[in-house]
Every structure is written in C-alpha cells, then in structure tokens.
>>> print(open('entry_27.txt').read())   # compact mmCIF, C-alpha atoms
# COMPACT_ATOMS: atom_id res chain seq x y z
CA MET A 762 11.43 -12.39 19.21
CA LEU A 763 9.37 -13.56 16.22
CA ASN A 764 8.84 -11.14 13.38
CA SER A 765 5.22 -10.33 12.54
CA PHE A 766 4.27 -10.04 8.85
CA ILE A 767 1.31 -7.93 7.73
CA TYR A 768 0.07 -7.39 4.16
CA LEU A 769 -1.83 -4.20 3.27
CA HIS A 770 -3.97 -4.40 0.14
CA GLY A 771 -4.55 -1.52 -2.23
CA PHE A 772 -7.29 1.05 -2.75
CA ALA A 773 -10.73 -0.42 -3.54
CA SER A 774 -9.25 -3.90 -3.20
CA SER A 775 -9.52 -6.58 -0.53
CA PRO A 776 -7.64 -9.35 1.30
CA LYS A 777 -8.89 -11.68 -1.45
CA SER A 778 -6.94 -9.90 -4.19
CA THR A 779 -4.78 -12.07 -6.45
CA LYS A 780 -1.51 -10.61 -5.08
CA ALA A 781 -2.58 -10.90 -1.45
CA GLN A 782 -3.63 -14.52 -1.85
CA ASP A 783 -0.56 -15.51 -3.85
CA ILE A 784 1.82 -14.06 -1.26
CA SER A 785 -0.24 -15.49 1.60
CA ASP A 786 -0.10 -18.98 0.05
CA ARG A 787 3.68 -18.75 -0.27
CA PHE A 788 4.03 -17.66 3.38
CA THR A 789 1.80 -20.58 4.40
CA GLN A 790 4.12 -23.01 2.58
CA LEU A 791 6.91 -21.75 4.85
CA HIS A 792 4.66 -22.13 7.93
CA ILE A 793 4.76 -18.37 8.51
CA LYS A 794 1.57 -16.46 9.34
CA LEU A 795 0.79 -13.46 7.16
CA LYS A 796 -1.92 -11.18 8.54
CA ILE A 797 -4.06 -9.48 5.88
CA PRO A 798 -6.45 -7.00 7.53
CA ASP A 799 -9.47 -5.84 5.52
CA LEU A 800 -8.79 -2.12 5.18
CA ASN A 801 -12.34 -1.54 3.93
CA ALA A 802 -13.44 -2.22 7.53
CA ASP A 803 -17.02 -2.85 6.32
CA ASP A 804 -17.26 0.87 5.50
CA PHE A 805 -15.39 1.73 2.29
CA SER A 806 -17.41 4.96 1.97
CA HIS A 807 -15.57 6.47 4.94
CA LEU A 808 -12.10 5.14 4.12
CA THR A 809 -9.17 7.43 4.95
CA ILE A 810 -5.44 6.87 5.22
CA THR A 811 -5.65 7.90 8.88
CA ARG A 812 -8.21 5.16 9.51
CA GLN A 813 -5.94 2.63 7.80
CA LEU A 814 -2.97 3.72 9.92
CA ASN A 815 -4.94 3.35 13.14
CA GLN A 816 -6.43 0.01 12.11
CA VAL A 817 -3.07 -1.55 11.24
CA ALA A 818 -1.23 -0.05 14.23
CA ALA A 819 -3.77 -1.78 16.48
CA GLU A 820 -2.31 -5.08 15.17
CA PHE A 821 1.15 -4.25 16.56
CA SER A 822 2.25 -5.65 19.89
CA ASN A 823 4.34 -3.38 22.11
CA SER A 824 7.76 -4.52 20.99
CA ALA A 825 7.61 -7.38 18.46
CA PRO A 826 9.26 -6.39 15.17
CA VAL A 827 6.92 -5.97 12.20
CA THR A 828 7.50 -6.35 8.47
CA LEU A 829 4.88 -4.61 6.34
CA ILE A 830 4.18 -5.64 2.74
CA GLY A 831 1.98 -3.04 1.10
CA SER A 832 0.44 -2.82 -2.37
CA SER A 833 -0.34 0.54 -4.02
CA LEU A 834 -2.23 2.64 -1.42
CA GLY A 835 -1.37 -0.09 1.08
CA GLY A 836 2.27 0.60 0.22
CA LEU A 837 1.87 4.29 0.90
CA THR A 838 0.14 3.47 4.20
CA SER A 839 2.96 1.06 5.08
CA ALA A 840 5.57 3.75 4.49
CA HIS A 841 3.80 6.17 6.85
CA LEU A 842 3.42 3.43 9.48
CA GLY A 843 7.15 2.80 9.19
CA GLU A 844 7.83 6.47 9.80
CA LYS A 845 5.65 6.61 12.91
CA TYR A 846 6.09 3.24 14.64
CA PRO A 847 9.50 1.87 15.72
CA GLN A 848 8.07 -1.67 15.73
CA VAL A 849 8.13 -1.54 11.93
CA GLN A 850 11.57 -2.89 11.06
CA ARG A 851 11.22 -3.59 7.34
CA LEU A 852 9.06 -2.48 4.39
CA VAL A 853 8.22 -4.18 1.09
CA LEU A 854 6.30 -1.78 -1.15
CA LEU A 855 4.60 -3.06 -4.31
CA ALA A 856 3.92 -0.21 -6.76
CA PRO A 857 3.48 2.18 -3.80
CA ALA A 858 1.06 5.02 -4.38
CA PHE A 859 3.49 7.90 -3.86
CA GLY A 860 1.88 11.11 -5.10
CA PHE A 861 -1.45 9.26 -5.18
CA LEU A 862 -3.68 12.34 -5.32
CA SER A 863 -1.56 14.09 -7.94
CA HIS A 864 -1.84 11.05 -10.22
CA TRP A 865 -5.45 10.06 -9.53
CA LEU A 866 -7.40 13.32 -9.20
CA PRO A 867 -6.48 14.77 -12.62
CA LYS A 868 -7.88 11.62 -14.25
CA LEU A 869 -11.27 12.37 -12.71
CA GLY A 870 -11.44 15.75 -14.42
CA GLU A 871 -12.10 19.15 -12.89
CA LYS A 872 -15.90 18.96 -13.17
CA ALA A 873 -16.13 15.58 -11.48
CA LEU A 874 -13.77 16.73 -8.74
CA LYS A 875 -15.86 19.85 -8.04
CA ARG A 876 -19.05 17.80 -8.00
CA TRP A 877 -17.44 15.37 -5.54
CA GLN A 878 -16.48 18.24 -3.26
CA GLN A 879 -19.99 19.73 -3.42
CA GLU A 880 -21.94 16.49 -3.08
CA GLN A 881 -19.43 14.89 -0.66
CA TYR A 882 -19.60 11.43 -2.25
CA LEU A 883 -18.26 9.97 -5.49
CA LEU A 884 -19.07 6.56 -6.93
CA VAL A 885 -15.83 4.58 -7.24
CA HIS A 886 -15.42 1.16 -8.82
CA HIS A 887 -14.46 -1.22 -6.01
CA TYR A 888 -12.46 -4.08 -7.52
CA GLY A 889 -12.81 -6.24 -4.43
CA GLU A 890 -16.61 -5.92 -4.45
CA GLY A 891 -17.00 -5.86 -8.22
CA ARG A 892 -19.35 -2.86 -8.07
CA GLU A 893 -19.44 0.90 -7.58
CA LEU A 894 -19.47 2.23 -4.03
CA PRO A 895 -19.67 5.83 -2.75
CA LEU A 896 -16.50 7.34 -1.29
CA SER A 897 -16.52 10.41 0.96
CA TYR A 898 -14.54 13.51 -0.08
CA ASN A 899 -12.92 13.28 3.36
CA PHE A 900 -10.67 10.69 1.75
CA VAL A 901 -9.07 13.46 -0.32
CA THR A 902 -8.72 16.02 2.46
CA ASP A 903 -7.25 13.40 4.78
CA ALA A 904 -4.80 12.03 2.18
CA ALA A 905 -3.48 15.52 1.40
CA GLN A 906 -1.63 15.64 4.74
CA TYR A 907 0.46 12.50 4.06
CA LEU A 908 3.46 13.80 2.15
CA GLU A 909 6.39 11.71 0.94
CA LYS A 910 8.87 14.40 1.98
CA ASN A 911 8.06 13.54 5.61
CA LEU A 912 9.19 9.92 5.18
CA GLN A 913 12.77 10.15 6.45
CA ARG A 914 13.21 7.25 8.88
CA PRO A 915 16.08 5.06 7.55
CA ILE A 916 14.18 1.78 7.59
CA PRO A 917 15.26 -1.05 5.24
CA THR A 918 12.87 -0.74 2.30
CA LEU A 919 12.38 -2.78 -0.86
CA ILE A 920 10.25 -1.28 -3.65
CA LEU A 921 9.03 -3.40 -6.55
CA HIS A 922 7.49 -1.30 -9.32
CA GLY A 923 6.45 -2.00 -12.91
CA LYS A 924 8.06 0.06 -15.65
CA GLN A 925 4.72 0.18 -17.52
CA ASP A 926 2.66 1.23 -14.49
CA GLU A 927 -0.32 3.17 -15.82
CA VAL A 928 -1.65 4.25 -12.40
CA ILE A 929 1.43 5.34 -10.43
CA PRO A 930 4.34 6.10 -12.79
CA ILE A 931 7.60 4.42 -11.88
CA THR A 932 9.19 7.88 -11.69
CA ALA A 933 7.39 8.30 -8.35
CA SER A 934 9.35 5.39 -6.86
CA ARG A 935 12.57 6.42 -8.60
CA GLU A 936 12.37 9.89 -7.04
CA PHE A 937 11.59 8.41 -3.63
CA ALA A 938 14.50 5.96 -3.76
CA ASN A 939 17.03 8.43 -5.20
CA SER A 940 17.15 10.56 -2.05
CA ARG A 941 16.99 7.65 0.43
CA PRO A 942 20.02 5.32 0.43
CA TRP A 943 18.18 2.78 2.63
CA VAL A 944 15.67 2.13 -0.18
CA LYS A 945 16.27 -0.52 -2.85
CA LEU A 946 14.16 -0.15 -6.01
CA VAL A 947 13.64 -3.13 -8.31
CA GLU A 948 12.09 -2.22 -11.66
CA LEU A 949 9.96 -4.93 -13.23
CA ASP A 950 8.62 -5.42 -16.74
CA SER A 951 4.99 -5.05 -15.69
CA ASP A 952 2.06 -2.68 -15.11
CA HIS A 953 0.39 -1.53 -11.87
CA ALA A 954 -1.19 -4.91 -11.14
CA LEU A 955 2.19 -6.70 -11.29
CA GLY A 956 0.20 -9.79 -12.28
CA ASN A 957 2.82 -11.29 -14.60
CA VAL A 958 5.74 -11.11 -12.17
CA SER A 959 4.45 -12.96 -9.09
CA THR A 960 7.47 -15.29 -9.06
CA GLU A 961 9.94 -12.40 -9.21
CA ILE A 962 8.04 -10.60 -6.45
CA TRP A 963 8.16 -13.65 -4.19
CA GLN A 964 11.86 -14.26 -4.82
CA ALA A 965 12.59 -10.64 -3.91
CA ILE A 966 10.45 -10.81 -0.74
CA HIS A 967 11.99 -14.15 0.26
CA SER A 968 15.51 -12.80 -0.05
CA PHE A 969 14.89 -9.35 1.45
CA CYS A 970 13.00 -10.75 4.45
CA HIS A 971 15.43 -13.66 4.99
CA LEU A 972 12.68 -16.25 4.80
CA GLY A 973 14.92 -19.28 4.58
CA ILE A 974 14.00 -22.49 6.37
CA GLY A 975 14.33 -21.98 10.10
CA ASP A 976 14.16 -18.17 9.95
>>> encode(input="entry_27.txt", output="structure tokens")
Amino acid sequence: MLNSFIYLHGFASSPKSTKAQDISDRFTQLHIKLKIPDLNADDFSHLTITRQLNQVAAEFSNSAPVTLIGSSLGGLTSAHLGEKYPQVQRLVLLAPAFGFLSHWLPKLGEKALKRWQQEQYLLVHHYGEGRELPLSYNFVTDAAQYLEKNLQRPIPTLILHGKQDEVIPITASREFANSRPWVKLVELDSDHALGNVSTEIWQAIHSFCHLGIGD
C-alpha cells in the first residue's frame, strides 16, 4: 500500500513557506505527492492545536500508512497525531515546538499575557500573510493540554534541530530524544528557520523515508 506524505507548516506560517516549497519541489522531482494542508483554515484567529489535529486526521484514509513532516508547531502537531493515529508510521520533525508555551509566553511579558487573557485576542505577526492578525486566547488554553510526557508511542522519528535555535532551544529536542530510543536527533548548525541547511534536511528525509527510485 502506498505511503502518504503530509507536510505540516509552522505557527503563523503557510503552505507557501520556503521550507514547505523546497521540500515539496524535491518530492515532485521524485514523482511523489506531498500534501501540504493550510492549517490557517481561512481563520487564523481561532487556530488551536485541536483544530489542526482534526483537520490533518481528516486527510488520513482508513489504513494507508502516513509519514508526517512537521515544522515547529506543525512538528508538535505531528507528534501528537502520531501518538493518536496508528496510520502514522513515521515522523520527521523540523525544530519541533516542544514546550511551545513555556518558551513563547514569557517573551510576551506578564502584562501582555494578562491583557490577552482579559481582551481574548492578541495581535500576532503572521509570517505567511505578512501582517498582524488577532489570535484568540483559546489557543493558549487548548495548547496547555498537549504535553510531551504523553508522547510514548514508539514510532520511528527523526528530529532535525538547529543548535542556534532562538525560538525553541535545542535542549527541548535533546530532552525528548534522550528518553525515547526510537527517536533520532540530528543537530544542525542553524537557527529556528533552518534556512541554510535545506540540502542537509532533504538528504536526511530522503534516507530516513527510503525515498530511493522505485520506493
């Protein structure tokens, strides 16, 4: 049965991101379809991890094996999909957003966080749109329930993470991989965007997913 490949973009990003398009182009050269759903779903303001999980799971057929490639928050979402759905047979996580709230919320500052909770919406820079968009506080309350400690299904997992990541420190991936022998962590000389290591990323994906001619 043919493997299905799905790419999940990051927070406030889009299917048109540089990484998504680069990886998609390389899949196309191998005549393999890579699905890239738009996780903004025309309503970024009401984005939640739960909504992302439901949206992507709707792409699964009943039994066809799925490989998920997820970037940042898309990586975190991929990991939780892998925990919940047996169709997910393999994970490639690019700078996955483990501990996302604990890294992101403190940067907002206590005052801004309280104001967000009171007013229910916060303006967030959306990189995919190139402008600020309001995001509901429900994003935070929903995300708080998705804990890394619950990710225990032994699914083959490749993590690619930059050693100079300024958004999600590489220690988050190191801690995740250390207690899970089925996880392989590759540390790259890059930041969160991983923009300077696209060739290394593709080589790792190609090898891990056995994408040789005829596969």
>>> residues_around(input="entry_27.txt", residues="Ala856 in chain A", least_positions_apart="4", cutoff="8 Å", atoms="all atoms listed in the file", output="JSON, numbers by chain")
{"A": [832, 833, 836, 920, 921, 922, 923, 926, 929, 931, 934, 953]}
>>> write_last_selection(input="entry_27.txt", atoms="C-alpha atoms", output="PDB file, in the frame of the given file")
ATOM      1  CA  SER A 832       0.440  -2.820  -2.370  1.00  0.00           C
ATOM      2  CA  SER A 833      -0.340   0.540  -4.020  1.00  0.00           C
ATOM      3  CA  GLY A 836       2.270   0.600   0.220  1.00  0.00           C
ATOM      4  CA  ILE A 920      10.250  -1.280  -3.650  1.00  0.00           C
ATOM      5  CA  LEU A 921       9.030  -3.400  -6.550  1.00  0.00           C
ATOM      6  CA  HIS A 922       7.490  -1.300  -9.320  1.00  0.00           C
ATOM      7  CA  GLY A 923       6.450  -2.000 -12.910  1.00  0.00           C
ATOM      8  CA  ASP A 926       2.660   1.230 -14.490  1.00  0.00           C
ATOM      9  CA  ILE A 929       1.430   5.340 -10.430  1.00  0.00           C
ATOM     10  CA  ILE A 931       7.600   4.420 -11.880  1.00  0.00           C
ATOM     11  CA  SER A 934       9.350   5.390  -6.860  1.00  0.00           C
ATOM     12  CA  HIS A 953       0.390  -1.530 -11.870  1.00  0.00           C
TER      13      HIS A 953
END
>>> closest_residue(input="entry_27.txt", among="A:Gln816, A:Asn801, A:Thr918, A:Ser822", to="Leu946 in chain A", atoms="only C-alpha atoms")
A:Thr918
>>> closest_residue(input="entry_27.txt", among="A:Glu820, A:Glu890, A:Asp783, A:Asp804", to="Phe766 in chain A", atoms="all atoms listed in the file")
A:Glu820
>>> closest_residue(input="entry_27.txt", among="A:Leu949, A:Leu883, A:Leu842, A:Leu763", to="Thr811 in chain A", atoms="all atoms listed in the file")
A:Leu842
>>> closest_residue(input="entry_27.txt", among="A:Ser951, A:Gln782, A:Thr932, A:Asn764", to="Ala825 in chain A", atoms="only C-alpha atoms")
A:Asn764
>>> closest_residue(input="entry_27.txt", among="A:Gly843, A:Gly835, A:Phe821, A:Cys970", to="Asn911 in chain A", atoms="all atoms listed in the file")
A:Gly843
>>> atom_distance(input="entry_27.txt", atom1="CA of Val853 in chain A", atom2="CA of Ser897 in chain A")
28.7 Å
>>> atom_distance(input="entry_27.txt", atom1="CA of Glu948 in chain A", atom2="CA of Gln913 in chain A")
21.9 Å
>>> closest_residue(input="entry_27.txt", among="A:Thr809, A:Gln881, A:Ser839, A:Gln964", to="Ala905 in chain A", atoms="only C-alpha atoms")
A:Thr809
>>> residues_around(input="entry_27.txt", residues="Leu862 in chain A", least_positions_apart="2", cutoff="8 Å", atoms="all atoms listed in the file", output="count of residues only")
7
>>> residues_around(input="entry_27.txt", residues="Phe788 in chain A", least_positions_apart="2", cutoff="12 Å", atoms="all atoms listed in the file", output="ChimeraX atom specification")
/A:765-768,781-786,790-797,963-964,966-967,970,972-974
>>> atom_distance(input="entry_27.txt", atom1="CA of Ser959 in chain A", atom2="CA of Gly889 in chain A")
19.1 Å
>>> axis_aligned_box(input="entry_27.txt", around="range 930-940 of chain A", padding_each_side="6 Å", output="JSON")
{"center_x": 10.7, "center_y": 7.5, "center_z": -7.4, "size_x": 24.8, "size_y": 18.1, "size_z": 22.7}
>>> residues_around(input="entry_27.txt", residues="Ser940 in chain A", least_positions_apart="4", cutoff="12 Å", atoms="all atoms listed in the file", output="NGL selection string")
:A and (909-910 or 912-913 or 915 or 933-936 or 944-946)
>>> residues_near_point(input="entry_27.txt", point="(-1.4, 9.1, 7.1)", cutoff="7 Å", atoms="all atoms listed in the file", output="PyMOL selection string")
chain A and resi 810-811+814+838+841+904+906-907
>>> write_last_selection(input="entry_27.txt", atoms="C-alpha atoms", output="mmCIF file, in the frame of the given file")
data_model
loop_
_atom_site.group_PDB
_atom_site.id
_atom_site.type_symbol
_atom_site.label_atom_id
_atom_site.label_comp_id
_atom_site.auth_asym_id
_atom_site.auth_seq_id
_atom_site.Cartn_x
_atom_site.Cartn_y
_atom_site.Cartn_z
ATOM 1 C CA ILE A 810 -5.440 6.870 5.220
ATOM 2 C CA THR A 811 -5.650 7.900 8.880
ATOM 3 C CA LEU A 814 -2.970 3.720 9.920
ATOM 4 C CA THR A 838 0.140 3.470 4.200
ATOM 5 C CA HIS A 841 3.800 6.170 6.850
ATOM 6 C CA ALA A 904 -4.800 12.030 2.180
ATOM 7 C CA GLN A 906 -1.630 15.640 4.740
ATOM 8 C CA TYR A 907 0.460 12.500 4.060
#
>>> build_atoms(input="entry_27.txt", residues="range 781-792 of chain A", atoms="N, CA, C and O atoms", output="JSON list (two decimals), keeping the file's coordinate frame")
[["chain", "number", "residue", "atom", "x", "y", "z"],
["A", 781, "ALA", "N", -2.51, -10.57, -2.89],
["A", 781, "ALA", "CA", -2.58, -10.90, -1.45],
["A", 781, "ALA", "C", -2.63, -12.41, -1.24],
["A", 781, "ALA", "O", -1.92, -12.96, -0.40],
["A", 782, "GLN", "N", -3.46, -13.08, -2.03],
["A", 782, "GLN", "CA", -3.63, -14.52, -1.85],
["A", 782, "GLN", "C", -2.40, -15.30, -2.30],
["A", 782, "GLN", "O", -2.02, -16.29, -1.68],
["A", 783, "ASP", "N", -1.76, -14.84, -3.37],
["A", 783, "ASP", "CA", -0.56, -15.51, -3.85],
["A", 783, "ASP", "C", 0.56, -15.43, -2.80],
["A", 783, "ASP", "O", 1.19, -16.44, -2.47],
["A", 784, "ILE", "N", 0.77, -14.23, -2.26],
["A", 784, "ILE", "CA", 1.82, -14.06, -1.26],
["A", 784, "ILE", "C", 1.48, -14.80, 0.02],
["A", 784, "ILE", "O", 2.34, -15.43, 0.64],
["A", 785, "SER", "N", 0.20, -14.77, 0.40],
["A", 785, "SER", "CA", -0.24, -15.49, 1.60],
["A", 785, "SER", "C", 0.01, -17.00, 1.46],
["A", 785, "SER", "O", 0.49, -17.65, 2.40],
["A", 786, "ASP", "N", -0.31, -17.55, 0.28],
["A", 786, "ASP", "CA", -0.10, -18.98, 0.05],
["A", 786, "ASP", "C", 1.38, -19.35, 0.18],
["A", 786, "ASP", "O", 1.73, -20.40, 0.73],
["A", 787, "ARG", "N", 2.24, -18.47, -0.32],
["A", 787, "ARG", "CA", 3.68, -18.75, -0.27],
["A", 787, "ARG", "C", 4.20, -18.67, 1.17],
["A", 787, "ARG", "O", 5.08, -19.44, 1.57],
["A", 788, "PHE", "N", 3.66, -17.72, 1.96],
["A", 788, "PHE", "CA", 4.03, -17.66, 3.38],
["A", 788, "PHE", "C", 3.56, -18.93, 4.10],
["A", 788, "PHE", "O", 4.29, -19.49, 4.93],
["A", 789, "THR", "N", 2.35, -19.38, 3.77],
["A", 789, "THR", "CA", 1.80, -20.58, 4.40],
["A", 789, "THR", "C", 2.69, -21.79, 4.14],
["A", 789, "THR", "O", 2.90, -22.64, 5.03],
["A", 790, "GLN", "N", 3.23, -21.88, 2.92],
["A", 790, "GLN", "CA", 4.12, -23.01, 2.58],
["A", 790, "GLN", "C", 5.38, -23.02, 3.45],
["A", 790, "GLN", "O", 5.99, -24.07, 3.67],
["A", 791, "LEU", "N", 5.76, -21.84, 3.96],
["A", 791, "LEU", "CA", 6.91, -21.75, 4.85],
["A", 791, "LEU", "C", 6.50, -21.81, 6.32],
["A", 791, "LEU", "O", 7.33, -21.61, 7.21],
["A", 792, "HIS", "N", 5.20, -22.05, 6.56],
["A", 792, "HIS", "CA", 4.66, -22.13, 7.93],
["A", 792, "HIS", "C", 4.85, -20.80, 8.67],
["A", 792, "HIS", "O", 5.16, -20.77, 9.86]]
